[in-house]
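Reviewing the structure listed below.
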Amino acid sequence: MKEDLNPFLPLSPATLHILLSLAGEELHGYGIMQEVQRQSEGKYKLGPGTLYDNLQKLIERRLVEELGRRPEDEDPRRRYYRLSPLGRGVLSAEIARLDDVVREGKLRLQTKPRRA
Amino acid sequence: MLRLFYRSVLRAHPVYFRRRFAEEMLSIFDQAETPIAAAELVLDGVVSLFRQRVFRPEFGEEPRVEMPADGAPLFSTFESPRPGTGALIYGALLSLLVLNGICWTMGYAWNHPSFVWIQQPVIRPPAAWHKKPPDTPGGSAVPEQPLFTDEGRVLLVFNSGASHTSDPGTAPPTTAKQAMPGVAPRADSALDLRPDVLPSYVGRYRVDAGKSDVKVTVEGEQLRIDAGQFKSRLVPVSENQFVAADVADCQIEFARGSSGAVDRLEIHKDGHRITALRQ
């Protein structure tokens, strides 16, 4: 049975960027911050307070899974996170929604304004 | 310094959030390359603290564990039964504060005049002690003798003048006195003082707290003290030290200032000292 994803939408900018950064690979917190900065070309900077506040909520809602520490990491204090199947579905639904918004926006902006 | 402050901010976060993310946040702080970046992280930590404390009460505690549906009771906890280091430190500080408060309150009470003036029961020696000694016909004085000996401390009996009478039934109560600290009281109550000494002590003295006055007068050849709560004759044990004859365990000491005039008296009672300044 397919889960209804509408209650998760729309996503806040911070949540969207975190899910997007985790869509490619498993990352630790610092890696997520760097990936968000790279995706937004430095325009969106995520602080650790905002990051872990959102991660806490995403884990609680089962959109993100915590993988724990990796002893081989250069800093053993780091924990890794990954996107859950539900999170991937929510991200896909959000992208589709944004896609519709973008398409509608482009359509509206290309329409010539009516003359009075 | 900034790192220490950042750690303090992280420690102030709700327990559940702190346990899950504080180490990682500190790890990110350690990656900061410039002081400005570190300061930004500190600011972010303060904002996060406010956010977690005010807007995230649901994440303040550990999530509850799902109970099994088979009806069997399950007792489990994620919390360690041992108190944390922080709890021990805060507990020790709190204990010290409470102990200091109690000690301060007790010290204030002990030094308060209303506490000191509590009357003590007068110890009266047996009437047989007032009997004349056989070898002193018409004995005009009861011999002074140690009443108790307690590890070198001698408790002396100071007899009033009236106790010199031959009838013990009419004798006023005789009081057992303990030696004033640092004072070697003379046992004979008939200490001869210069005629001009006693009048120099006469006057009104005010206790430190200013709530009561002590009046010293002279009657005949004997000083009397009126402290409000008690009145007594004063028996000299030295030129400036006296024992209150009608009050238990009470000694008076007069002190002179740089000009040579008597400017204060000290009342030693029940191990406490009250100073009164001459008015």
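Residue numbers start at 1 in each chain; chains themselves are named A, B, ... in the order of the structure tokens; ligands are numbered from 1 in the order shown.
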Neighbours of chain B in chain A at 8 Å, counting only C-alpha atoms, as a PDB file with C-alpha atoms, in the first residue's frame:
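What landed in result.pdb:
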```pdb
ATOM      1  CA  GLY A  29      26.596  16.292   9.519  1.00  0.00           C
ATOM      2  CA  TYR A  30      29.588  18.306   8.393  1.00  0.00           C
ATOM      3  CA  GLY A  47      24.423  26.053  10.624  1.00  0.00           C
ATOM      4  CA  PRO A  48      24.798  22.980  12.829  1.00  0.00           C
ATOM      5  CA  GLY A  49      21.934  24.096  15.049  1.00  0.00           C
ATOM      6  CA  THR A  50      19.506  24.249  12.136  1.00  0.00           C
ATOM      7  CA  TYR A  52      20.538  18.888  13.648  1.00  0.00           C
ATOM      8  CA  ASP A  53      17.176  20.376  14.532  1.00  0.00           C
ATOM      9  CA  ASP A  75      36.824  12.096  13.228  1.00  0.00           C
ATOM     10  CA  ARG A  77      32.629  11.561  16.649  1.00  0.00           C
ATOM     11  CA  ARG A  78      30.805  11.880  13.346  1.00  0.00           C
ATOM     12  CA  ARG A  79      27.647   9.920  12.675  1.00  0.00           C
TER      13      ARG A  79
END
```
Would you mind writing down, as a PyMOL selection string, each residue of chain A that DSSP on the backbone assigns to strand (DSSP E)? chain A and resi 27-28+64-69+79-83
Would you export the selected residues with C-alpha atoms as a PDB file, in the first residue's frame, please?
```
ATOM      1  CA  LEU A  27      26.918  11.736   4.743  1.00  0.00           C
ATOM      2  CA  HIS A  28      27.806  12.947   8.189  1.00  0.00           C
ATOM      3  CA  VAL A  64      16.203   9.882   7.321  1.00  0.00           C
ATOM      4  CA  GLU A  65      17.986   6.980   8.975  1.00  0.00           C
ATOM      5  CA  GLU A  66      20.916   7.241  11.320  1.00  0.00           C
ATOM      6  CA  LEU A  67      23.747   4.836  10.539  1.00  0.00           C
ATOM      7  CA  GLY A  68      26.012   5.492  13.511  1.00  0.00           C
ATOM      8  CA  ARG A  69      29.707   6.146  13.728  1.00  0.00           C
ATOM      9  CA  ARG A  79      27.647   9.920  12.675  1.00  0.00           C
ATOM     10  CA  TYR A  80      26.420   9.092   9.205  1.00  0.00           C
ATOM     11  CA  TYR A  81      22.925   9.545   7.864  1.00  0.00           C
ATOM     12  CA  ARG A  82      21.130   8.321   4.787  1.00  0.00           C
ATOM     13  CA  LEU A  83      17.844   8.860   3.038  1.00  0.00           C
TER      14      LEU A  83
END
```
So that I can check the surroundings of A:His17, please list as number ranges by chain every protein, DNA and RNA residue that reaches within 12 Å of it, counting only C-alpha atoms and ignoring chain neighbours fewer than 6 positions away. A: 11, 23-24, 32-40, 43-46, 50-51, 54-55, 91, 94-95
Please give the complete set of residues from chain A that DSSP, run on the backbone, assigns to helix (DSSP H, G or I), formatted as a VMD selection string. chain A and resid 6 to 8 13 to 24 29 to 39 48 to 60 85 to 110
Shell around stretch 198-208 of chain B at 7 Å using only C-alpha atoms, local window under 6 positions removed, as an MDAnalysis selection string: chainID B and resid 214:218 223 262 264 275:279
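Note that the spacing between atom CA of A:Thr111 and atom CA of A:Ala96 amounts to 22.7 Å.
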Quick one: pull the distance between atom CA of A:Leu98 and atom CA of A:Gly31, Å, one decimal. 25.1 Å
